[in-house]
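Each remark here refers to the structure printed beneath this line.
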Amino acid sequence: MADSAKLPVPDKHTKNEDWTVVLPRRGKRRICSRRNSTPEAKQQPWVPTELESDPDRELKLIQKMETCIKKVESSQFYQNFLELVENPDILNSFHKVLGLELEMPMVIYGIGSIESYETPRFQLSLAILMKRKFNWIGDVEVFDPILSATESRVLESLGCSVLSVNEQGRRRATKPTLFYMPHCEAELYNNLLQANWELELLNHIVLFGNSFEMYEFLSEIKKSFIVDSTGHILAARKFTDEHVLKIASDDYFAAFHDSSWHFFSPALDTELLLVKNQFLCT
């Protein structure tokens, strides 16, 4: 296990239909819609469709993950990633989110099938390496509706806990929380922001996922075509501090292209309220 890196302490995605974004037809408008207004509205109990773990598959998957973790750890990509995270500006942003807390949990949404595909294994490997490297990362929770019982057991063997509820990305950040969401659907990022559209809650969030700047660029090209699933993402751009992850190797492009760290610093609650009212009545 790598040595833990410390922050300064102050003195005192998937094939499951639940997670698929269906984009609205061009020009479609809602009038005073209150869809998804309650963060807990769509949370549902969840169990894997495959109820029992297969020991042989479990062993093979553990071996695959160990190999993948070693590959990522020895890569130039990982060194570049650490340089970005340990950049003084970004470390200061983490420190600001932590406040007086010593650690923040990591919530991983939409990891995909780690048994079926290499890309989710790369993404999970990076999260595990972060947990091992940085002592300010606390418990790791994982959810994807397509996870099997075998994959869930392997995740637990790697030190993660698998959620028994499909939160639809709507976890309220009542304490500092790192949301690790590489290449999730736009609607999940939007759900996360909507559920936390308050000054204090947004200040508690660190998000690793698809570049919000990219969504802004796409919205300018496609205009209203993606606005319904990215409204809060686009509204948050004005107070988002984004740090883009550079990919040094084609091996990791599929897993991490267009990924960024996001930190949120809204100036006033009134600014958020104006946006909230706009979404309710447009």
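Residues are referred to by chain and number: the chain letter is A, B, ... according to the order shown in the structure tokens, the number counts from 1 in that chain, and ligands are numbered separately from 1 in the order shown.
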
* **Long-range neighbours of region 114-129 of chain A as number ranges by chain, 8 Å cut-off, only C-alpha atoms, 2 positions minimum in chain** => A: 61, 65, 68-69, 72-73, 78, 111-112, 131-133, 151, 158, 180, 182, 252, 254-256

DSSP on the backbone, strand (DSSP E) only: what residues of region 67-185 of chain A does that give? Format it as a PDB file with C-alpha atoms, in the first residue's frame.
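Once everything was written out, this is out.pdb:
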```pdb
ATOM      1  CA  MET A 104     -14.484  12.675   3.010  1.00  0.00           C
ATOM      2  CA  PRO A 105     -16.257   9.540   1.759  1.00  0.00           C
ATOM      3  CA  MET A 106     -16.034   8.587  -1.905  1.00  0.00           C
ATOM      4  CA  VAL A 107     -19.310   7.743  -3.659  1.00  0.00           C
ATOM      5  CA  ILE A 108     -18.882   5.929  -6.965  1.00  0.00           C
ATOM      6  CA  TYR A 109     -21.879   5.992  -9.298  1.00  0.00           C
ATOM      7  CA  ILE A 137     -10.451   9.770   1.482  1.00  0.00           C
ATOM      8  CA  GLY A 138     -12.768   7.839   3.775  1.00  0.00           C
ATOM      9  CA  ASP A 139     -15.198   4.994   3.114  1.00  0.00           C
ATOM     10  CA  VAL A 140     -15.877   4.043  -0.493  1.00  0.00           C
ATOM     11  CA  GLU A 141     -19.462   3.313  -1.590  1.00  0.00           C
ATOM     12  CA  VAL A 142     -20.316   1.978  -5.042  1.00  0.00           C
ATOM     13  CA  PHE A 143     -23.493   1.651  -7.049  1.00  0.00           C
ATOM     14  CA  CYS A 160     -15.778  -0.967  -1.017  1.00  0.00           C
ATOM     15  CA  SER A 161     -19.384  -1.242   0.119  1.00  0.00           C
ATOM     16  CA  VAL A 162     -22.171  -1.699  -2.421  1.00  0.00           C
ATOM     17  CA  VAL A 165     -30.554   1.563  -2.738  1.00  0.00           C
ATOM     18  CA  ASN A 166     -30.543   3.089  -6.198  1.00  0.00           C
ATOM     19  CA  THR A 177     -18.166  14.105  -0.204  1.00  0.00           C
ATOM     20  CA  LEU A 178     -16.150  13.068  -3.239  1.00  0.00           C
ATOM     21  CA  PHE A 179     -18.420  11.874  -6.039  1.00  0.00           C
ATOM     22  CA  TYR A 180     -16.439   9.710  -8.446  1.00  0.00           C
ATOM     23  CA  MET A 181     -18.504   9.464 -11.635  1.00  0.00           C
TER      24      MET A 181
END
```

* Which residues in region 136-168 of chain A does DSSP call helix (DSSP H, G or I)? List them as a ChimeraX atom specification. -> /A:149-157

* Using only C-alpha atoms, which of A:Leu98, A:Leu201, A:Val206, A:Ala186 sits nearest Pro266 (chain A)? -> A:Leu201

* Structure fact -> In Å and to one decimal, CA of Leu51 (chain A) is distant from CA of Tyr189 (chain A) by 29.0 Å

* Find the spatial neighbours of Ser164 (chain A), counting only C-alpha atoms, within a cut-off of 12 Å - ignore same-chain residues fewer than 5 positions away - and output them as number ranges by chain. => A: 43-48, 141-145, 147, 149, 152

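In terms of minimum interatomic distance to Leu59 (chain A), A:Val154 ranks closest within A:Val85, A:Leu192, A:Ile205, A:Val154, counting only C-alpha atoms.
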
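For the atom pair formed by CA of Asn191 (chain A) and CA of Arg170 (chain A), the distance is 5.6 Å, given to one decimal.
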
* Asked: Any idea what's packed within 12 Å of Ser93 (chain A), counting only C-alpha atoms, ignoring anything in its chain fewer than 3 positions away? Could you give it as a ChimeraX atom specification?
  -> /A:7-8,85-90,96-99,176,203-207,240-243,261-265
